[in-house]
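As C-alpha coordinates, the structure follows; a few thoughts come after it.
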Amino acid sequence: MLVLVAPGQGAQTPGFLTPWLELPGAADRLAAWSDAIGLDLVHYGTKADADDIRDTAVAQPLLVAAGLLSAAALGQTAPDAVAGHSVGEFTAAVLAGVLEDTAALKLVRTRGLAMAEAAAIAPTGMSALLGGDPEVTVPHLEKLGLTPANVNGAGQIVAAGTLEQLAALEADKPEGVRRVVALKVAGAFHTHHMAPAVATLEQAARELSPADPTVPYVSNKDGQAVATGAEVLARLVGQVANPVRWDLCMETFQARGATALIEVCPGGTLTGLAKRALPGVATVALKTPDDLDAARTLVAEHTAV
(Lines give C-alpha, C1' and ligand atoms only; values in the text may rest on other atoms or scores of the structure.)
Protein backbone atom coordinates (compact mmCIF):
# COMPACT_ATOMS: atom_id res chain seq x y z
CA MET A 1 0.00 0.00 0.00
CA LEU A 2 1.71 3.16 -1.30
CA VAL A 3 1.18 6.72 -0.07
CA LEU A 4 2.39 9.74 -2.06
CA VAL A 5 2.94 12.88 0.03
CA ALA A 6 3.99 16.49 -0.64
CA PRO A 7 5.91 18.76 1.77
CA GLY A 8 5.00 22.25 2.91
CA GLN A 9 6.68 25.61 3.22
CA GLY A 10 10.16 25.58 4.72
CA ALA A 11 11.28 22.56 2.69
CA GLN A 12 12.73 24.76 -0.08
CA THR A 13 16.48 25.43 -0.37
CA PRO A 14 18.40 27.63 -2.84
CA GLY A 15 18.94 25.96 -6.21
CA PHE A 16 16.93 22.84 -5.39
CA LEU A 17 15.24 22.75 -8.82
CA THR A 18 18.49 22.95 -10.80
CA PRO A 19 19.01 19.20 -11.39
CA TRP A 20 15.33 18.68 -12.25
CA LEU A 21 15.60 21.09 -15.19
CA GLU A 22 17.92 18.63 -16.92
CA LEU A 23 15.01 16.21 -17.40
CA PRO A 24 13.25 16.22 -20.79
CA GLY A 25 10.39 18.71 -20.92
CA ALA A 26 10.94 20.03 -17.39
CA ALA A 27 12.13 23.50 -18.38
CA ASP A 28 9.24 23.91 -20.82
CA ARG A 29 6.70 22.89 -18.22
CA LEU A 30 8.12 25.29 -15.64
CA ALA A 31 8.20 28.09 -18.21
CA ALA A 32 4.52 27.52 -19.05
CA TRP A 33 3.54 27.55 -15.38
CA SER A 34 5.64 30.69 -14.85
CA ASP A 35 3.77 32.48 -17.63
CA ALA A 36 0.43 31.35 -16.24
CA ILE A 37 1.02 32.71 -12.73
CA GLY A 38 3.31 35.66 -13.46
CA LEU A 39 6.26 34.32 -11.48
CA ASP A 40 9.64 33.12 -12.82
CA LEU A 41 9.75 29.68 -11.23
CA VAL A 42 12.96 28.76 -13.08
CA HIS A 43 14.81 31.74 -11.63
CA TYR A 44 13.53 31.18 -8.09
CA GLY A 45 14.18 27.44 -8.22
CA THR A 46 17.75 27.75 -9.53
CA LYS A 47 19.35 31.17 -8.88
CA ALA A 48 17.47 32.92 -6.07
CA ASP A 49 18.94 33.04 -2.57
CA ALA A 50 17.42 31.77 0.66
CA ASP A 51 15.79 35.10 1.54
CA ASP A 52 14.14 35.37 -1.88
CA ILE A 53 12.55 31.92 -1.68
CA ARG A 54 11.53 32.45 1.94
CA ASP A 55 9.01 34.99 0.65
CA THR A 56 5.62 33.35 1.12
CA ALA A 57 4.33 34.55 -2.25
CA VAL A 58 7.30 32.84 -3.95
CA ALA A 59 7.81 29.76 -1.80
CA GLN A 60 4.30 28.38 -2.10
CA PRO A 61 3.93 28.15 -5.90
CA LEU A 62 7.59 27.09 -6.12
CA LEU A 63 6.99 24.13 -3.81
CA VAL A 64 3.85 23.01 -5.61
CA ALA A 65 5.57 23.28 -9.00
CA ALA A 66 8.51 21.24 -7.70
CA GLY A 67 6.21 18.55 -6.35
CA LEU A 68 4.28 18.27 -9.59
CA LEU A 69 7.45 18.25 -11.68
CA SER A 70 9.01 15.42 -9.65
CA ALA A 71 5.78 13.41 -9.58
CA ALA A 72 5.59 13.64 -13.38
CA ALA A 73 9.21 12.50 -13.62
CA LEU A 74 8.37 9.50 -11.44
CA GLY A 75 6.05 8.32 -14.20
CA GLN A 76 2.75 6.51 -14.00
CA THR A 77 2.03 5.56 -10.40
CA ALA A 78 -1.04 4.16 -8.74
CA PRO A 79 -0.83 5.40 -5.14
CA ASP A 80 -3.35 4.07 -2.66
CA ALA A 81 -3.59 7.50 -1.02
CA VAL A 82 -2.20 11.02 -1.38
CA ALA A 83 -1.72 13.78 1.17
CA GLY A 84 0.13 17.05 1.57
CA HIS A 85 1.43 19.12 4.46
CA SER A 86 0.02 22.66 4.41
CA VAL A 87 0.57 24.06 0.88
CA GLY A 88 1.53 20.51 -0.14
CA GLU A 89 -2.20 19.78 -0.07
CA PHE A 90 -2.46 21.64 -3.37
CA THR A 91 0.11 19.29 -4.89
CA ALA A 92 -1.86 16.36 -3.51
CA ALA A 93 -5.09 17.76 -4.96
CA VAL A 94 -3.55 17.69 -8.45
CA LEU A 95 -2.15 14.19 -7.91
CA ALA A 96 -5.63 13.06 -6.85
CA GLY A 97 -7.21 14.55 -9.98
CA VAL A 98 -9.19 17.19 -8.05
CA LEU A 99 -7.54 20.22 -9.70
CA GLU A 100 -5.73 20.74 -13.01
CA ASP A 101 -2.09 21.71 -12.49
CA THR A 102 -2.26 25.28 -13.82
CA ALA A 103 -5.48 26.00 -11.93
CA ALA A 104 -3.88 24.74 -8.72
CA LEU A 105 -0.80 26.89 -9.24
CA LYS A 106 -2.89 30.00 -9.92
CA LEU A 107 -4.81 29.40 -6.69
CA VAL A 108 -1.57 28.80 -4.79
CA ARG A 109 -0.14 32.04 -6.18
CA THR A 110 -3.24 33.83 -4.87
CA ARG A 111 -2.83 32.02 -1.54
CA GLY A 112 0.81 33.01 -1.20
CA LEU A 113 0.15 36.67 -1.99
CA ALA A 114 -2.81 36.81 0.41
CA MET A 115 -0.89 35.12 3.21
CA ALA A 116 2.11 37.41 2.67
CA GLU A 117 -0.22 40.39 2.94
CA ALA A 118 -1.75 39.00 6.14
CA ALA A 119 1.72 38.30 7.55
CA ALA A 120 2.74 41.91 6.94
CA ILE A 121 0.15 43.18 9.41
CA ALA A 122 2.33 42.20 12.40
CA PRO A 123 5.76 40.52 12.82
CA THR A 124 4.98 36.82 13.26
CA GLY A 125 6.67 33.49 12.69
CA MET A 126 6.83 29.79 13.52
CA SER A 127 9.16 27.56 15.54
CA ALA A 128 9.41 23.79 15.74
CA LEU A 129 9.54 22.16 19.16
CA LEU A 130 11.48 18.91 19.22
CA GLY A 131 10.55 16.41 21.90
CA GLY A 132 8.07 16.73 24.71
CA ASP A 133 4.56 15.45 25.39
CA PRO A 134 1.72 17.16 23.48
CA GLU A 135 -0.44 17.08 26.60
CA VAL A 136 2.18 19.24 28.33
CA THR A 137 3.35 21.27 25.32
CA VAL A 138 -0.01 22.46 23.97
CA PRO A 139 -1.25 24.06 27.23
CA HIS A 140 2.17 25.69 27.66
CA LEU A 141 1.95 27.22 24.18
CA GLU A 142 -1.55 28.49 24.82
CA LYS A 143 -0.39 30.07 28.09
CA LEU A 144 2.16 32.05 26.06
CA GLY A 145 -0.50 33.07 23.53
CA LEU A 146 0.93 30.78 20.84
CA THR A 147 -0.97 28.40 18.56
CA PRO A 148 0.06 24.75 17.98
CA ALA A 149 -0.17 25.38 14.22
CA ASN A 150 1.33 22.07 13.07
CA VAL A 151 0.90 18.92 15.15
CA ASN A 152 3.27 16.73 13.17
CA GLY A 153 3.56 13.62 15.31
CA ALA A 154 6.86 11.86 16.01
CA GLY A 155 7.52 14.26 18.88
CA GLN A 156 7.20 17.48 16.85
CA ILE A 157 4.84 20.41 17.25
CA VAL A 158 5.20 23.75 15.47
CA ALA A 159 4.22 26.86 17.42
CA ALA A 160 3.09 30.05 15.68
CA GLY A 161 2.51 33.57 16.88
CA THR A 162 4.15 36.95 17.24
CA LEU A 163 7.93 37.24 17.37
CA GLU A 164 7.65 38.39 20.99
CA GLN A 165 5.65 35.29 21.88
CA LEU A 166 8.19 33.07 20.11
CA ALA A 167 11.04 34.79 21.99
CA ALA A 168 9.21 34.04 25.24
CA LEU A 169 9.00 30.41 24.17
CA GLU A 170 12.78 30.29 23.61
CA ALA A 171 13.25 31.52 27.18
CA ASP A 172 10.57 29.26 28.65
CA LYS A 173 10.45 25.90 26.85
CA PRO A 174 7.79 23.35 27.83
CA GLU A 175 9.00 20.51 30.02
CA GLY A 176 10.55 17.74 27.92
CA VAL A 177 11.20 19.87 24.84
CA ARG A 178 14.84 19.52 23.78
CA ARG A 179 15.08 22.29 21.21
CA VAL A 180 13.11 25.17 19.70
CA VAL A 181 14.03 25.78 16.05
CA ALA A 182 12.87 28.85 14.12
CA LEU A 183 11.43 27.89 10.72
CA LYS A 184 12.17 29.43 7.32
CA VAL A 185 8.71 30.94 6.94
CA ALA A 186 7.54 34.53 6.95
CA GLY A 187 4.44 34.43 9.12
CA ALA A 188 2.26 32.63 11.66
CA PHE A 189 0.56 30.31 9.21
CA HIS A 190 -2.45 28.18 10.17
CA THR A 191 -3.48 30.62 12.90
CA HIS A 192 -5.95 33.47 13.34
CA HIS A 193 -3.22 35.79 11.97
CA MET A 194 -4.04 34.38 8.51
CA ALA A 195 -7.80 34.99 8.69
CA PRO A 196 -7.67 37.90 6.17
CA ALA A 197 -6.33 35.51 3.53
CA VAL A 198 -9.29 33.13 3.81
CA ALA A 199 -11.78 35.55 2.25
CA THR A 200 -9.44 36.15 -0.70
CA LEU A 201 -9.09 32.43 -1.30
CA GLU A 202 -12.82 31.82 -0.99
CA GLN A 203 -13.46 34.30 -3.78
CA ALA A 204 -10.78 32.78 -6.04
CA ALA A 205 -12.00 29.24 -5.38
CA ARG A 206 -15.50 30.09 -6.65
CA GLU A 207 -14.10 30.20 -10.18
CA LEU A 208 -12.96 26.56 -10.05
CA SER A 209 -14.82 23.33 -10.80
CA PRO A 210 -13.05 20.62 -8.81
CA ALA A 211 -13.42 16.95 -9.70
CA ASP A 212 -13.88 14.21 -7.14
CA PRO A 213 -10.62 12.50 -6.09
CA THR A 214 -9.61 9.49 -8.15
CA VAL A 215 -7.58 8.14 -5.22
CA PRO A 216 -8.15 8.66 -1.48
CA TYR A 217 -7.19 12.24 -0.52
CA VAL A 218 -6.21 12.39 3.14
CA SER A 219 -6.84 15.86 4.57
CA ASN A 220 -4.52 17.36 7.15
CA LYS A 221 -7.49 19.04 8.81
CA ASP A 222 -8.43 15.83 10.60
CA GLY A 223 -6.59 12.97 8.88
CA GLN A 224 -9.76 11.78 7.14
CA ALA A 225 -10.12 10.81 3.48
CA VAL A 226 -12.29 13.34 1.62
CA ALA A 227 -14.75 11.98 -0.93
CA THR A 228 -15.70 15.02 -3.03
CA GLY A 229 -13.79 17.66 -4.93
CA ALA A 230 -15.97 20.40 -3.47
CA GLU A 231 -15.00 19.38 0.05
CA VAL A 232 -11.32 19.17 -0.88
CA LEU A 233 -11.47 22.72 -2.25
CA ALA A 234 -13.31 23.99 0.84
CA ARG A 235 -10.63 22.48 3.05
CA LEU A 236 -7.83 23.99 0.95
CA VAL A 237 -9.36 27.40 1.62
CA GLY A 238 -10.01 26.88 5.33
CA GLN A 239 -6.66 25.29 6.22
CA VAL A 240 -4.87 28.63 5.79
CA ALA A 241 -6.12 29.74 9.22
CA ASN A 242 -6.45 26.33 10.90
CA PRO A 243 -3.88 23.92 12.37
CA VAL A 244 -2.26 21.15 10.34
CA ARG A 245 -2.78 17.72 11.91
CA TRP A 246 -0.13 15.66 10.15
CA ASP A 247 -0.11 13.31 13.13
CA LEU A 248 -3.66 12.28 12.25
CA CYS A 249 -2.71 11.81 8.60
CA MET A 250 0.00 9.37 9.62
CA GLU A 251 -2.45 7.54 11.86
CA THR A 252 -4.71 7.14 8.83
CA PHE A 253 -1.82 5.85 6.69
CA GLN A 254 -1.11 3.26 9.36
CA ALA A 255 -4.78 2.30 9.75
CA ARG A 256 -5.07 1.81 5.99
CA GLY A 257 -2.05 -0.51 6.00
CA ALA A 258 0.58 1.68 4.39
CA THR A 259 3.76 -0.20 3.52
CA ALA A 260 5.58 2.52 1.55
CA LEU A 261 5.68 6.31 1.40
CA ILE A 262 7.21 8.53 -1.30
CA GLU A 263 7.68 12.25 -0.67
CA VAL A 264 7.83 14.40 -3.79
CA CYS A 265 10.43 17.16 -4.24
CA PRO A 266 11.78 18.77 -2.11
CA GLY A 267 11.50 15.61 -0.06
CA GLY A 268 12.96 14.88 3.36
CA THR A 269 10.76 16.44 6.04
CA LEU A 270 7.77 14.10 5.83
CA THR A 271 9.85 10.97 5.27
CA GLY A 272 11.80 11.93 8.41
CA LEU A 273 8.56 12.06 10.40
CA ALA A 274 7.39 8.78 8.87
CA LYS A 275 10.59 6.98 9.83
CA ARG A 276 9.91 7.82 13.47
CA ALA A 277 6.12 7.46 13.55
CA LEU A 278 5.58 4.63 11.03
CA PRO A 279 8.19 1.95 11.76
CA GLY A 280 8.40 -0.69 9.07
CA VAL A 281 7.07 1.60 6.32
CA ALA A 282 9.59 1.94 3.47
CA THR A 283 10.30 5.54 2.45
CA VAL A 284 11.94 7.47 -0.39
CA ALA A 285 12.36 11.25 -0.50
CA LEU A 286 12.67 12.80 -3.95
CA LYS A 287 15.42 15.37 -3.47
CA THR A 288 17.10 15.10 -6.89
CA PRO A 289 16.45 13.01 -10.03
CA ASP A 290 19.00 10.54 -8.65
CA ASP A 291 16.27 9.39 -6.25
CA LEU A 292 13.83 8.44 -9.02
CA ASP A 293 15.10 4.89 -9.54
CA ALA A 294 14.69 4.03 -5.86
CA ALA A 295 11.21 5.54 -5.90
CA ARG A 296 10.20 3.59 -9.00
CA THR A 297 11.40 0.39 -7.35
CA LEU A 298 9.29 1.19 -4.31
CA VAL A 299 6.26 1.83 -6.54
CA ALA A 300 6.70 -1.54 -8.23
CA GLU A 301 7.04 -3.36 -4.92
CA HIS A 302 4.21 -1.70 -2.99
CA THR A 303 1.35 -0.97 -5.37
CA ALA A 304 -1.55 -3.36 -5.89
CA VAL A 305 -1.28 -5.68 -8.87
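Residue numbering restarts at 1 for every chain of the C-alpha coordinates, chains are lettered A, B, ... in their displayed order, and ligands are numbered from 1 as they appear.
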
Within 7 Å of Ala149 (chain A), counting only C-alpha atoms, which residues qualify if same-chain residues fewer than 2 places away don't, as a VMD selection string? chain A and resid 147 151 158 to 160 190 to 191 243 to 244

Give the strand (DSSP E) residues of region 218-283 of chain A, as assigned by DSSP on the backbone, as an NGL selection string. :A and (218 or 225-226 or 260-263 or 282-283)

Let's have the selection written as a short mmCIF file (atom, residue, chain, number, x, y, z; two decimals), in the first residue's frame, with N, CA, C and O atoms.
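See again_27.cif below for the written result:
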data_model
loop_
_atom_site.label_atom_id
_atom_site.label_comp_id
_atom_site.auth_asym_id
_atom_site.auth_seq_id
_atom_site.Cartn_x
_atom_site.Cartn_y
_atom_site.Cartn_z
N VAL A 218 -6.20 12.30 1.67
CA VAL A 218 -6.21 12.39 3.14
C VAL A 218 -5.94 13.85 3.54
O VAL A 218 -4.90 14.41 3.24
N ALA A 225 -10.06 10.80 4.94
CA ALA A 225 -10.12 10.81 3.48
C ALA A 225 -11.37 11.59 3.06
O ALA A 225 -12.45 11.40 3.61
N VAL A 226 -11.20 12.48 2.08
CA VAL A 226 -12.29 13.34 1.62
C VAL A 226 -12.83 12.80 0.30
O VAL A 226 -12.07 12.54 -0.63
N ALA A 260 4.55 1.69 2.17
CA ALA A 260 5.58 2.52 1.55
C ALA A 260 5.07 3.96 1.42
O ALA A 260 3.87 4.19 1.26
N LEU A 261 6.02 4.89 1.50
CA LEU A 261 5.68 6.31 1.40
C LEU A 261 6.74 7.02 0.57
O LEU A 261 7.94 6.87 0.83
N ILE A 262 6.30 7.74 -0.47
CA ILE A 262 7.21 8.53 -1.30
C ILE A 262 6.86 10.00 -1.12
O ILE A 262 5.69 10.38 -1.24
N GLU A 263 7.87 10.81 -0.82
CA GLU A 263 7.68 12.25 -0.67
C GLU A 263 8.24 12.95 -1.90
O GLU A 263 9.43 12.81 -2.21
N ALA A 282 8.46 1.55 4.33
CA ALA A 282 9.59 1.94 3.47
C ALA A 282 9.37 3.36 2.96
O ALA A 282 8.24 3.73 2.62
N THR A 283 10.43 4.14 2.89
CA THR A 283 10.30 5.54 2.45
C THR A 283 11.36 5.91 1.43
O THR A 283 12.48 5.40 1.46
#

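Residues in contact with region 117-131 of chain A at 6 Å, where only C-alpha atoms are counted and same-chain residues fewer than 4 positions away are skipped, are listed as Gly155, Gln156, Ile157, Val158, Ala159, Ala160, Gly161, Thr162, Leu163, Val177, Arg178, Arg179, Val180, Val181, Ala182, Leu183, Ala186, Gly187, Ala188 and Met194 of chain A.
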
Write out as an MDAnalysis selection string all residues of region 12-254 of chain A that backbone DSSP assigns to helix (DSSP H, G or I). chainID A and resid 18:22 26:37 41:46 50:54 56:74 88:95 101:119 134:143 163:171 192:205 229:241 246:254

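Of the listed residues A:Glu231, A:Glu164, A:Asp212, A:Asp133, the one whose atoms come nearest to Leu146 (chain A) is A:Glu164, with distances taken using only C-alpha atoms.
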
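Minimum atom-to-atom distance to Val94 (chain A), evaluated using only C-alpha atoms, belongs to A:Ala71 out of A:Ile53, A:Ala48, A:Ala71, A:Leu113.
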